[in-house]
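Engineer: Here it is: the structure, laid out below.
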Amino acid sequence: MTQTTDTPMVELKGVKKRFGDLEVLKGIDLRVDRGKIISIIGPSGSGKSTLLRSINNLEVIDEGQILLDGVQVNRPDLKGMAFERHINHIRQNMGMVFQHFNLFPHMSTLDNVTLAPRKLKGMETKHARELGMELLERVGLADKAQAYPSSLSGGQKQRVAIARALAMRPKVMLFDEATSALDPELVEEVNQVMKGLAEEHMTMLIVTHEMGFARDVSDWAMFMDGGVVVEANTPDHLFSHPDQERTQHFLRKHLGAQA
Amino acid sequence: MTQTTDTPMVELKGVKKRFGDLEVLKGIDLRVDRGKIISIIGPSGSGKSTLLRSINNLEVIDEGQILLDGVQVNRPDLKGMAFERHINHIRQNMGMVFQHFNLFPHMSTLDNVTLAPRKLKGMETKHARELGMELLERVGLADKAQAYPSSLSGGQKQRVAIARALAMRPKVMLFDEATSALDPELVEEVNQVMKGLAEEHMTMLIVTHEMGFARDVSDWAMFMDGGVVVEANTPDHLFSHPDQERTQHFLRKHLGAQA
Amino acid sequence: RDLPEIQEDVFQVANSGAYPPFSFVNTDGELVGFDVDIAEALAEKMGVEVNIQTSPWNGIVAALAGGRFDACICSMSATEERQKAVDFTDPYYSSGLSIWVREETDDVSSIADFEGKRVGSTLGETGNQWATEKAEGRWRNQTFQGLPDMLNALTTGRIDVMVADDIPVYVALNEDDLPIKQVDVGELPRFPAAIAVQKGSPELKEALNTALAEIRADGTYQEIVNTWIGEGVDFN
Amino acid sequence: MIDITPLLVKAAWVTVDISARALFFGFFIAAALVVMRTARLPPLRWLARAYISVVRGTPYFVQLLLVFYGGPAIGLRLDPFTCGVVVGAFNIGAYMSEAMRGAIESVESGQNEASRSLGFGRLATLRYIILPQAAGLMIRSIGVLAIILVKNSSLVSIISVVELTYQAQRLIGSTYKPLEIFTLSALMYIVIIYAVMGMVEFLYRRATRYTFR
Amino acid sequence: MEFDFTPVIDYFPTLLKGVGVTLLIGLTVALLSILGGQLVAVISLYTRKVVNWPLRFFIWLFMTTPLLLQLYFLYFGLGELILIPAIVVGILGLGFHYMAYNADIFMATIRSVSSGQYEASRSLGFGHLRTLLYIILPQAFYRALPQLSNNMIIMVKDIAVLSAIGIGELVYVSQYAISITFRPFEFYITIAVIYYLINLMMEAGQSWIERRAAYRR
Ligand SMILES: Nc1ncnc2c1ncn2[C@@H]1O[C@H](COP(=O)(O)OP(=O)(O)OP(=O)(O)O)[C@@H](O)[C@H]1O
Ligand SMILES: Nc1ncnc2c1ncn2[C@@H]1O[C@H](COP(=O)(O)OP(=O)(O)OP(=O)(O)O)[C@@H](O)[C@H]1O
Ligand SMILES: [Mg+2]
Ligand SMILES: [Mg+2]
């Protein structure tokens with residue numbers, strides 16, 4: 001799966017997705033280079049979650065192509081076990097943090113984090129625990145290692161979800177509003193973590209409603225509405241002088257604060 | 001339950017709550033007057049959700065008193081059916097929007113919204129539908145009235161949860177990060193809705209991580225950390241010149257943006 | 001209940017209904033058999049109205065003890081242990097154990113030859129107890145719920161030797177030509193079959209004994225034997 | 001073979017009749033037990049728990065024998081059929097209450113909280129929110145219990161109710177045709193239980209419709 | 001009616017042997033039917049119709065026919081072809097029977113685990129099977145527990161049906177003793193007490209797992 005650095009890490013070509021009559025993605029094109037952070041903003045229901053889920057093949061797209069590091073993710077030609085092997089391999093290189101966290105309720109926090117490295121990479125328990133504790137430390141939850149998800153606060157759950165995704169050391173991380181339940185201090189810390197990861201060439205796609213966060217953290221920003229990409233640009237440009245009227249309207253509040 | 005307007009709408013006196021060994025609320029005092037919006041901010045795990053849940057008696061507090069419009073909510077003296085009647089009555093006057101939304105998955109969006117007025121207030125179906133559609137309109141979801149929660153996006157779910165809580169026309173609304181999944185445009189709209197409600201004398205307690213939102217919308221702001229109220233003041237004061245170092249540290253990012 | 005109460009009411013009699021030719025349900029759904037006819041003859045002599053019902057064998061003692069009926073005319077062997085729990089009348093016939101093997105079996109001619117074989121008997125019958133007590137680890141006992149199962153097991157080779165009350169097997173052989181044969185292994189115990197009544201009903205027991213003697217004396221008894229067991233079989 | 005079929009059909013109807021009645025009454029006993037188990041008065045909870053424990057803990061046929069033969073001693077003289085229905089209902093009720101409790105507990109706690117916070121009482125919450133979501137698992141569990149009830153109804157023969165299995169055994173005793181009669185009675189059980197399964201499947205699909213939207 | 005428990009005491013060693021057989025069969029069948037039930041549920045939920053049709057039919061057969069008939073068929077019917085030892089027939093018959101019941105419950109609880117759990121595991125790179133194994137089945141198991149324990153408690157008592165093929169479990173040995181001593185009530189009360197003790201152990205196990213599960217919801 002190693003390609004020259006010219007290959008974009010994530011590439012989408014004309015991706016379309018329908019739910020029944022509702023076309024949620026209407027032909028999305030996107031290129032994300034290695035080690036870049038791209039943020040995706042847009043109104044509720046515009047298809048942001050669906051886009052991330054499609055990249056991870058949790059939604060099977062109807063048209064178009066999705067490539068991870070040059071390898072095609074959606075493979076309508078592969079069937080059964082062959083596709084199964086293919087997609088599991090792909091997904092091990094992608095970490096996803098869900099809008100609803102989806103922690104495993106029957107496992108302690110630490111087990112949530114270490115399950116994948118232990119079972120998928122065959123990491124020894126001891127080593128996995130060290131890694132897990134290190135990650136929990138990083139998100140400020142070392143003291144909750146033995147707690148079960150049901151006793152965690154919203155922000156704590158979210159941080160466990162982030163740690164769980166990071167534990168596989170994926171090439172790409174997909175965050176679906178992964179900072180919405182984080183307080184400003186933690187946003188700052190998570191921001192640092194992300195920048196650190198980007199320096200280690202991890203690529204990140206972040207769906208967020210927090211314009212300030214998007215602006216701070218990302219290398220590229222994309223505004224979606226109604227299943228299409230309205231505008232994509234550097235965050236500075238997009239957040240300060242959006243070209244499209246639709247974007248201006250959406251960011252009015254934010255632009256107001258800027259002015 | 002009607003009292004003179006001097007009676008605070010919500011009052012907490014020395015509220016303490018423990019989970020096993022962990023003391024999550026360490027004696028909280030709070031007064032919220034009728035028609036006021038108060039926002040509660042604080043780091044993750046500081047006890048904000050627990051506080052709201054305690055006001056609604058979803059967590060039974062260990063010490064202290066909680067009063068709604070002069071009537072005591074927690075009543076350790078009442079047992080069995082008597083308490084049951086008491087608390088159901090109290091809760092009908094309080095709307096709550098959960099951090100995880102908790103929509104009813106077996107009902108359409110519209111039914112989620114109209115269930116309580118129909119069954120608790122005996123509102124006729126026709127009338128309830130009108131009310132429900134009006135509320136869904138207000139949160140921009142009239143077209144999803146017949147959809148089931150599983151097909152809604154994160155922001156859409158959150159708006160249904162808000163509409164559901166509003167349908168009972170409560171005196172007090174408790175929002176637990178009720179705007180975290182809303183995009184800026186909707187935040188603006190929800191903000192308008194809230195202000196409108198406040199003018200109709202609805203009292204609101206809002207837990208949020210969005211300092212901008214908190215500052216804009218609220219009449220009073222409270223900063224919590226480690227189960228205690230560190231500082232409470234007008235939003236202008238709290239967000240611009242917090243008195244406590246802890247608050248300054250927490251708001252550093254926000255203060256920086258201000259400067 | 002003792003006799004006076006029964007005379008005012010109905011004499012309730014039970015059998016298992018699954019032990020041909022003594023008691024069974026015929027293809028018209030009627031309960032018939034040797035035990036049934038005996039019960040009717042006795043009731044006539046005693047001048048009481050009778051009702052004959054079935055009760056599964058494994059619950060029949062409980063039912064008698066629990067007072068669901070007054071007497072069990074059900075081909076029950078009157079053993080000593082049982083006499084501690086219920087009262088028995090005089091025997092109304094005596095049955096013997098018999099030993100059966102498959103036709104091709106030729107190495108069984110005495111009890112000693114059971115050694116190492118699989119021996120079947122029916123749960124709750126005297127043959128079962130006999131086989132269990134005699135085995136002393138020399139052979140393996142297997143127990144069945146009823147004669148049909150056991151016959152099946154013998155013919156399919158699940159057991160090598162079958163210990164059973166003789167009459168029912170003869171009747172079964174009349175119905176169906178089975179590849180089995182009886183072997184003589186010498187002296188086998190014979191058990192007197194008697195009517196069981198609840199403890200503490202001496203008058204009923206007396207009346208039954210009197211009636212038994214009467215049907216024996218007037219030939220009714222032999223008629224019933226002729227009908228169900230065979231012409232001229234001496235059944236004492 | 002033809003001549004005994006009506007006898008078996010009649011006995012099969014006894015099996016259906018006794019099971020259906022036991023299931024019907026058992027359902028209400030179970031519902032009462034579930035309510036008692038969550039009651040606020042501790043003695044009620046203990047009583048329910050003890051009842052469930054004892055009834056599940058002892059064999060059905062012993063319960064039948066005790067009530068049928070022991071009953072008259074305390075003035076409870078039931079005819080065999082009634083006794084089968086009553087003991088069956090109280091027996092299956094204990095199991096069913098556990099099945100119901102399990103289904104109810106499988107609904108996420110957030111659902112209960114959301115409903116309570118709207119002002120719904122415990123019963124209304126159960127009625128409108130919890131039961132509709134628990135219904136799927138509940139129907140399947142009760143379905144399994146109903147099937148077991150039909151099959152175990154053969155145990156009531158011990159108190160001399162002539163139901164399908166006992167009738168078959170009696171007829172085998174007189175005809176010496178075990179294979180034919182067992183096959184015939186098996187077919188009847190298949191028909192009865194297949195009907196139960198069909199009903200369960202229908203109700204289950206209805207109850208879980210929303211998960212497929 | 002007077003009670004006299006001396007015969008029970010005389011036969012107590014025999015009864016204990018019967019208890020041993022009951023427990024042994026019970027444990028084996030519990031294991032077989034729970035693990036097998038999960039397997040069957042998974043196969044019938046997740047494989048194509050052609051694959052799972054025979055399995056479903058097999059399950060359907062065990063669901064619809066009484067245990068006694070199944071045992072007769074396995075013991076006598078198949079006996080024409082191969083002689084399977086009674087104990088094996090008993091364990092298989094009982095095992096398959098309860099496997100069918102358990103599978104039915106597992107199918108319902110597996111489906112009740114939210115799709116988010118499945119997706120979260122898949123997105124970590126776990127395949128379908130391992131997702132089932134680590135994520136779905138444990139949660140489905142917890143939810144199935146009350147009905148599962150119902151099934152297992154009924155199963156323990158159904159072991160008595162095995163006496164039909166001559167297996168010397170508890171009820172069988174007591175009926176033997178009753179046929180000799182004619183003391184039904186004393187013996188039935190005794191076995192009721194023994195079963196109750198077994199049941200107490202099972203209930204203790206159930207509530208132990210349930211407490212853990214409640215914590216992990
Ligand atoms: N049921 C519970 N059992 C044990 N501990 C709990 C339970 N619920 C909450 N806690 C703990 O109580 C503390 C406060 O939780 P709470 O949910 O009130 O935090 P919060 O301020 O809402 O945080 P966030 O902003 O992350 O939502 C946390 O440390 C949490 O782990
Ligand atoms: N399973 C589904 N079936 C039908 N419609 C769906 C389904 N999932 C999503 N949708 C619809 O697709 C649209 C896009 O949803 P998506 O979750 O991608 O929005 P989003 O941009 O993530 O919004 P938000 O910011 O509110 O999370 C919404 O209108 C939603 O109702
Ligand atoms: Mg989304
Ligand atoms: Mg919270």
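Just remember, in the structure tokens the first chain shown is A, the second B, etc., residues are 1-based per chain, and ligands are 1-based in the order shown.
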Any chance you could list, as a PyMOL selection string, the residues in region 89-185 of chain B that come up strand (DSSP E or B) when DSSP is run on the backbone?

Structural biologist: chain B and resi 94-97+172-176

Engineer: Per residue of chain A within 9 Å of chain B, record the nearest atom pair and its distance in Å to one decimal, counting only C-alpha atoms, with rows in chain order and ascending residue number, as CSV.

Structural biologist:
residue,atom,partner,partner_atom,distance
A:Ile41,CA,B:Asp183,CA,8.3
A:Gly42,CA,B:Asp183,CA,7.0
A:Pro43,CA,B:Asp183,CA,5.3
A:Ser44,CA,B:Gly155,CA,5.3
A:Gly45,CA,B:Ser153,CA,5.7
A:Ser46,CA,B:Ser153,CA,8.9
A:Gly47,CA,B:Ser153,CA,8.3
A:Ser49,CA,B:Ser153,CA,7.6
A:Thr50,CA,B:Ser153,CA,8.8
A:Gln99,CA,B:Gly154,CA,7.1
A:His100,CA,B:His100,CA,7.5
A:Leu152,CA,B:Gly45,CA,7.9
A:Ser153,CA,B:Gly45,CA,5.7
A:Gly154,CA,B:Gln99,CA,7.0
A:Gly155,CA,B:Ser44,CA,5.3
A:Gln156,CA,B:Ser44,CA,6.7
A:Glu177,CA,B:Ala181,CA,7.5
A:Ser180,CA,B:Ser180,CA,5.3
A:Ala181,CA,B:Ser180,CA,6.9
A:Leu182,CA,B:Ser44,CA,6.6
A:Asp183,CA,B:His209,CA,5.2
A:Pro184,CA,B:His209,CA,6.8
A:Glu185,CA,B:Phe250,CA,5.8
A:Leu186,CA,B:Pro43,CA,7.8
A:Glu188,CA,B:Lys253,CA,7.8
A:Thr208,CA,B:Asp183,CA,8.4
A:His209,CA,B:Asp183,CA,5.2
A:Glu210,CA,B:Pro184,CA,8.0
A:Met211,CA,B:Pro184,CA,8.3
A:His249,CA,B:Glu185,CA,8.2
A:Phe250,CA,B:Glu185,CA,5.9
A:Leu251,CA,B:Pro184,CA,7.2
A:Arg252,CA,B:Glu185,CA,8.3
A:Lys253,CA,B:Pro184,CA,7.0
A:His254,CA,B:Pro184,CA,7.9

Engineer: Could you save those same residues with N, CA, C and O atoms as a tab-separated table (two decimals), in the first residue's frame?

Structural biologist:
chain	number	residue	atom	x	y	z
A	41	ILE	N	-17.15	21.41	6.50
A	41	ILE	CA	-18.22	22.08	7.22
A	41	ILE	C	-19.45	22.13	6.32
A	41	ILE	O	-19.37	21.86	5.12
A	42	GLY	N	-20.56	22.46	6.93
A	42	GLY	CA	-21.78	22.53	6.15
A	42	GLY	C	-22.99	22.35	7.04
A	42	GLY	O	-22.87	21.84	8.15
A	43	PRO	N	-24.14	22.78	6.53
A	43	PRO	CA	-25.34	22.69	7.37
A	43	PRO	C	-25.72	21.26	7.70
A	43	PRO	O	-25.27	20.31	7.05
A	44	SER	N	-26.54	21.15	8.70
A	44	SER	CA	-27.04	19.85	9.13
A	44	SER	C	-27.78	19.18	7.99
A	44	SER	O	-28.59	19.80	7.31
A	45	GLY	N	-27.49	17.91	7.78
A	45	GLY	CA	-28.18	17.18	6.72
A	45	GLY	C	-27.56	17.36	5.34
A	45	GLY	O	-28.09	16.87	4.36
A	46	SER	N	-26.41	18.03	5.29
A	46	SER	CA	-25.83	18.29	3.98
A	46	SER	C	-25.05	17.08	3.44
A	46	SER	O	-24.62	17.07	2.31
A	47	GLY	N	-24.86	16.07	4.26
A	47	GLY	CA	-24.21	14.85	3.79
A	47	GLY	C	-22.81	14.65	4.31
A	47	GLY	O	-22.07	13.77	3.82
A	49	SER	N	-21.66	13.49	7.33
A	49	SER	CA	-21.46	12.18	7.95
A	49	SER	C	-21.49	11.09	6.89
A	49	SER	O	-20.69	10.15	6.91
A	50	THR	N	-22.42	11.22	5.96
A	50	THR	CA	-22.52	10.22	4.91
A	50	THR	C	-21.23	10.14	4.11
A	50	THR	O	-20.79	9.05	3.73
A	99	GLN	N	-19.97	10.22	15.42
A	99	GLN	CA	-20.75	11.28	16.06
A	99	GLN	C	-21.37	10.78	17.37
A	99	GLN	O	-21.47	11.52	18.32
A	100	HIS	N	-21.75	9.51	17.39
A	100	HIS	CA	-22.35	8.97	18.62
A	100	HIS	C	-21.39	8.11	19.42
A	100	HIS	O	-21.80	7.34	20.27
A	152	LEU	N	-19.23	7.14	32.06
A	152	LEU	CA	-18.41	8.26	31.60
A	152	LEU	C	-19.30	9.44	31.21
A	152	LEU	O	-20.43	9.27	30.79
A	153	SER	N	-18.75	10.64	31.32
A	153	SER	CA	-19.45	11.82	30.84
A	153	SER	C	-19.31	11.88	29.32
A	153	SER	O	-18.52	11.16	28.72
A	154	GLY	N	-20.11	12.75	28.70
A	154	GLY	CA	-20.09	12.86	27.25
A	154	GLY	C	-18.71	13.10	26.67
A	154	GLY	O	-18.26	12.38	25.77
A	155	GLY	N	-18.02	14.07	27.23
A	155	GLY	CA	-16.69	14.40	26.72
A	155	GLY	C	-15.71	13.25	26.94
A	155	GLY	O	-14.83	13.00	26.12
A	156	GLN	N	-15.89	12.55	28.06
A	156	GLN	CA	-14.99	11.42	28.34
A	156	GLN	C	-15.21	10.31	27.31
A	156	GLN	O	-14.25	9.73	26.80
A	177	GLU	N	-17.57	15.09	13.92
A	177	GLU	CA	-17.85	15.97	15.06
A	177	GLU	C	-17.18	15.47	16.31
A	177	GLU	O	-17.78	15.35	17.36
A	180	SER	N	-17.17	17.94	19.37
A	180	SER	CA	-18.36	18.67	19.80
A	180	SER	C	-18.61	18.55	21.29
A	180	SER	O	-19.24	19.41	21.87
A	181	ALA	N	-18.15	17.49	21.90
A	181	ALA	CA	-18.40	17.36	23.34
A	181	ALA	C	-17.17	17.68	24.17
A	181	ALA	O	-17.10	17.35	25.33
A	182	LEU	N	-16.21	18.29	23.53
A	182	LEU	CA	-14.98	18.60	24.26
A	182	LEU	C	-15.02	20.06	24.72
A	182	LEU	O	-15.48	20.93	24.01
A	183	ASP	N	-14.51	20.28	25.93
A	183	ASP	CA	-14.49	21.65	26.40
A	183	ASP	C	-13.28	22.37	25.78
A	183	ASP	O	-12.40	21.73	25.23
A	184	PRO	N	-13.25	23.70	25.87
A	184	PRO	CA	-12.21	24.47	25.17
A	184	PRO	C	-10.78	24.02	25.50
A	184	PRO	O	-9.94	23.93	24.62
A	185	GLU	N	-10.55	23.70	26.76
A	185	GLU	CA	-9.20	23.26	27.13
A	185	GLU	C	-8.84	21.99	26.37
A	185	GLU	O	-7.74	21.85	25.84
A	186	LEU	N	-9.81	21.08	26.32
A	186	LEU	CA	-9.53	19.81	25.65
A	186	LEU	C	-9.44	20.01	24.16
A	186	LEU	O	-8.63	19.38	23.48
A	188	GLU	N	-8.23	22.43	22.74
A	188	GLU	CA	-6.86	22.90	22.58
A	188	GLU	C	-5.91	21.69	22.58
A	188	GLU	O	-5.04	21.56	21.71
A	208	THR	N	-16.91	19.16	11.32
A	208	THR	CA	-17.10	19.92	12.55
A	208	THR	C	-18.05	21.07	12.33
A	208	THR	O	-18.25	21.53	11.21
A	209	HIS	N	-18.67	21.49	13.43
A	209	HIS	CA	-19.51	22.69	13.39
A	209	HIS	C	-18.81	23.87	14.03
A	209	HIS	O	-19.37	24.95	14.10
A	210	GLU	N	-17.63	23.61	14.54
A	210	GLU	CA	-16.93	24.69	15.22
A	210	GLU	C	-15.96	25.34	14.26
A	210	GLU	O	-14.86	24.84	14.01
A	211	MET	N	-16.38	26.46	13.75
A	211	MET	CA	-15.61	27.12	12.71
A	211	MET	C	-14.22	27.51	13.20
A	211	MET	O	-13.24	27.40	12.50
A	249	HIS	N	-23.34	33.21	3.49
A	249	HIS	CA	-24.53	33.16	4.33
A	249	HIS	C	-24.33	32.23	5.52
A	249	HIS	O	-24.64	32.56	6.66
A	250	PHE	N	-23.79	31.07	5.20
A	250	PHE	CA	-23.58	30.07	6.26
A	250	PHE	C	-22.62	30.61	7.32
A	250	PHE	O	-22.79	30.38	8.51
A	251	LEU	N	-21.60	31.31	6.86
A	251	LEU	CA	-20.55	31.75	7.78
A	251	LEU	C	-20.82	33.15	8.32
A	251	LEU	O	-19.97	33.70	9.03
A	252	ARG	N	-21.97	33.69	8.00
A	252	ARG	CA	-22.26	35.07	8.40
A	252	ARG	C	-21.88	35.34	9.84
A	252	ARG	O	-21.17	36.27	10.17
A	253	LYS	N	-22.37	34.42	10.68
A	253	LYS	CA	-22.11	34.56	12.10
A	253	LYS	C	-20.60	34.62	12.37
A	253	LYS	O	-20.10	35.50	13.07
A	254	HIS	N	-19.93	33.68	11.76
A	254	HIS	CA	-18.50	33.58	11.98
A	254	HIS	C	-17.79	34.82	11.41
A	254	HIS	O	-16.90	35.40	12.04

Engineer: May I ask you to extract the residues of chain E within 8 Å of chain A, using only C-alpha atoms, and to give them as a ChimeraX atom specification?

Structural biologist: /E:116-117,119-120,122-128,135,138-139,213,215-217

Engineer: For the residues in that selection, give me C-alpha atoms as a tab-separated table (two decimals), in the first residue's frame.

Structural biologist:
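Result saved to selection33.tsv:
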chain	number	residue	atom	x	y	z
E	116	GLY	CA	-23.58	1.50	15.62
E	117	GLN	CA	-21.76	-1.23	17.53
E	119	GLU	CA	-20.10	-0.25	12.45
E	120	ALA	CA	-17.66	0.83	15.13
E	122	ARG	CA	-15.98	-2.89	11.37
E	123	SER	CA	-14.40	0.53	11.09
E	124	LEU	CA	-11.56	-0.63	13.34
E	125	GLY	CA	-10.86	-3.26	10.70
E	126	PHE	CA	-12.48	-6.25	12.34
E	127	GLY	CA	-14.07	-8.67	9.93
E	128	HIS	CA	-17.63	-9.76	10.16
E	135	ILE	CA	-18.69	-7.16	20.02
E	138	PRO	CA	-21.26	-10.73	24.19
E	139	GLN	CA	-23.88	-8.00	24.20
E	213	ALA	CA	-24.04	-7.05	32.62
E	215	TYR	CA	-22.73	-2.55	35.10
E	216	ARG	CA	-21.68	-2.88	31.50
E	217	ARG	CA	-24.69	-1.43	29.85

Engineer: Quick one: distance from CA of Pro13 (chain E) to CA of Asn199 (chain E) in Å, one decimal?

Structural biologist: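 Between CA of Pro13 (chain E) and CA of Asn199 (chain E) the gap is 20.7 Å.
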
Engineer: May I ask for the distance between CA of Ala62 (chain C) and CA of Arg183 (chain E), given in Å to one decimal place?

Structural biologist: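 Computing it gives 7.8 Å between the two atoms.
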
Engineer: Of the candidates D:Ser106, D:Ser115, D:Ser157, D:Thr58, which shows the shortest atom-to-atom distance to chain B, using only C-alpha atoms?

Structural biologist: D:Ser115

Engineer: Name the residues of region 89-224 of chain A that come out as helix (DSSP H, G or I) in a backbone DSSP run; write them as an mmCIF file with C-alpha atoms, in the first residue's frame.

Structural biologist:
data_model
loop_
_atom_site.group_PDB
_atom_site.id
_atom_site.type_symbol
_atom_site.label_atom_id
_atom_site.label_comp_id
_atom_site.auth_asym_id
_atom_site.auth_seq_id
_atom_site.Cartn_x
_atom_site.Cartn_y
_atom_site.Cartn_z
ATOM 1 C CA HIS A 89 -7.287 -4.398 5.410
ATOM 2 C CA ILE A 90 -8.280 -0.958 4.188
ATOM 3 C CA ARG A 91 -10.128 -0.153 7.378
ATOM 4 C CA GLN A 92 -7.180 -1.039 9.558
ATOM 5 C CA THR A 109 -12.311 1.947 28.720
ATOM 6 C CA LEU A 110 -8.890 0.376 28.429
ATOM 7 C CA ASP A 111 -10.254 -2.710 26.698
ATOM 8 C CA ASN A 112 -12.131 -0.519 24.262
ATOM 9 C CA VAL A 113 -8.823 1.037 23.303
ATOM 10 C CA THR A 114 -6.684 -2.087 23.240
ATOM 11 C CA LEU A 115 -9.071 -4.527 21.577
ATOM 12 C CA ALA A 116 -8.082 -3.759 18.006
ATOM 13 C CA PRO A 117 -4.296 -3.764 18.468
ATOM 14 C CA ARG A 118 -4.488 -6.980 20.464
ATOM 15 C CA LYS A 119 -6.744 -8.891 18.156
ATOM 16 C CA LEU A 120 -5.852 -7.423 14.800
ATOM 17 C CA THR A 125 -1.580 -7.890 26.227
ATOM 18 C CA LYS A 126 1.150 -6.220 28.220
ATOM 19 C CA HIS A 127 2.372 -4.144 25.347
ATOM 20 C CA ALA A 128 -1.188 -3.268 24.340
ATOM 21 C CA ARG A 129 -1.960 -2.094 27.860
ATOM 22 C CA GLU A 130 1.035 0.197 27.816
ATOM 23 C CA LEU A 131 -0.038 1.638 24.499
ATOM 24 C CA GLY A 132 -3.608 1.964 25.743
ATOM 25 C CA MET A 133 -2.587 3.713 28.933
ATOM 26 C CA GLU A 134 -0.374 6.047 26.967
ATOM 27 C CA LEU A 135 -3.251 6.998 24.691
ATOM 28 C CA LEU A 136 -5.649 7.415 27.597
ATOM 29 C CA GLU A 137 -3.061 9.603 29.283
ATOM 30 C CA ARG A 138 -2.874 11.706 26.177
ATOM 31 C CA ALA A 142 -5.789 7.474 32.618
ATOM 32 C CA ASP A 143 -7.838 7.423 35.833
ATOM 33 C CA LYS A 144 -10.879 6.054 33.988
ATOM 34 C CA PRO A 149 -18.551 3.543 29.203
ATOM 35 C CA SER A 150 -21.895 3.858 30.986
ATOM 36 C CA SER A 151 -20.250 5.773 33.802
ATOM 37 C CA GLY A 154 -20.091 12.856 27.248
ATOM 38 C CA GLY A 155 -16.688 14.397 26.723
ATOM 39 C CA GLN A 156 -14.995 11.422 28.336
ATOM 40 C CA LYS A 157 -16.725 9.033 25.974
ATOM 41 C CA GLN A 158 -15.667 11.068 23.035
ATOM 42 C CA ARG A 159 -12.063 11.039 24.144
ATOM 43 C CA VAL A 160 -12.131 7.274 24.582
ATOM 44 C CA ALA A 161 -13.476 7.011 21.059
ATOM 45 C CA ILE A 162 -10.565 9.098 19.802
ATOM 46 C CA ALA A 163 -8.046 7.011 21.707
ATOM 47 C CA ARG A 164 -9.626 3.832 20.375
ATOM 48 C CA ALA A 165 -9.288 4.994 16.787
ATOM 49 C CA LEU A 166 -5.710 6.129 17.324
ATOM 50 C CA PRO A 184 -12.205 24.471 25.173
ATOM 51 C CA GLU A 185 -9.201 23.256 27.125
ATOM 52 C CA LEU A 186 -9.535 19.814 25.651
ATOM 53 C CA VAL A 187 -10.179 21.185 22.203
ATOM 54 C CA GLU A 188 -6.859 22.896 22.585
ATOM 55 C CA GLU A 189 -5.213 19.660 23.650
ATOM 56 C CA VAL A 190 -6.866 17.575 20.961
ATOM 57 C CA ASN A 191 -5.793 20.254 18.532
ATOM 58 C CA GLN A 192 -2.211 19.762 19.678
ATOM 59 C CA VAL A 193 -2.561 16.010 19.391
ATOM 60 C CA MET A 194 -3.851 16.353 15.859
ATOM 61 C CA LYS A 195 -1.083 18.677 14.799
ATOM 62 C CA GLY A 196 1.389 16.245 16.266
ATOM 63 C CA LEU A 197 -0.178 13.430 14.314
ATOM 64 C CA ALA A 198 -0.137 15.462 11.134
ATOM 65 C CA GLU A 199 3.574 15.970 11.616
ATOM 66 C CA MET A 211 -15.606 27.118 12.707
ATOM 67 C CA GLY A 212 -12.909 28.398 15.007
ATOM 68 C CA PHE A 213 -11.568 24.918 15.508
ATOM 69 C CA ALA A 214 -11.759 24.140 11.801
ATOM 70 C CA ARG A 215 -9.889 27.267 10.972
ATOM 71 C CA ASP A 216 -7.179 26.712 13.525
ATOM 72 C CA VAL A 217 -6.419 23.141 12.882
#

Engineer: Between D:Leu149, D:Ala73, D:Gly110, D:Val196, which residue has the minimum interatomic distance to ligand 1, considering only C-alpha atoms and all ligand atoms?

Structural biologist: D:Gly110

Engineer: Which one of E:Phe62, E:Tyr101, E:Tyr176, E:Trp208 sits closest to chain D if you count only C-alpha atoms?

Structural biologist: E:Tyr101

Engineer: For chain C, which residues have at least one atom within 8 Å of chain D, if we go by only C-alpha atoms? Write them as a PyMOL selection string, please.

Structural biologist: chain C and resi 17-21+24-29+54-56+58-59+62-63+66-68+147-148+172+175-176

Engineer: Just how far from CA of Leu16 (chain E) is CA of Leu145 (chain E), in Å to one decimal?

Structural biologist: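 Here the two named atoms are 29.3 Å from each other.
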
Engineer: What residues in chain D have any atom no more than 8 Å from chain E when counting only C-alpha atoms, and can you write them as a PyMOL selection string?

Structural biologist: chain D and resi 53-54+56-59+62+95+98-99+101-103+105-106+108+136-137+140-141+144+147+151+182+186+189-191+193-194

Engineer: Could you tell me which of B:Leu68, B:Leu51, B:Met123, B:Ala145 comes closest to Arg18 (chain B) if we count only C-alpha atoms?

Structural biologist: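 Comparing B:Leu68, B:Leu51, B:Met123, B:Ala145 against Arg18 (chain B), the winner is B:Leu51.
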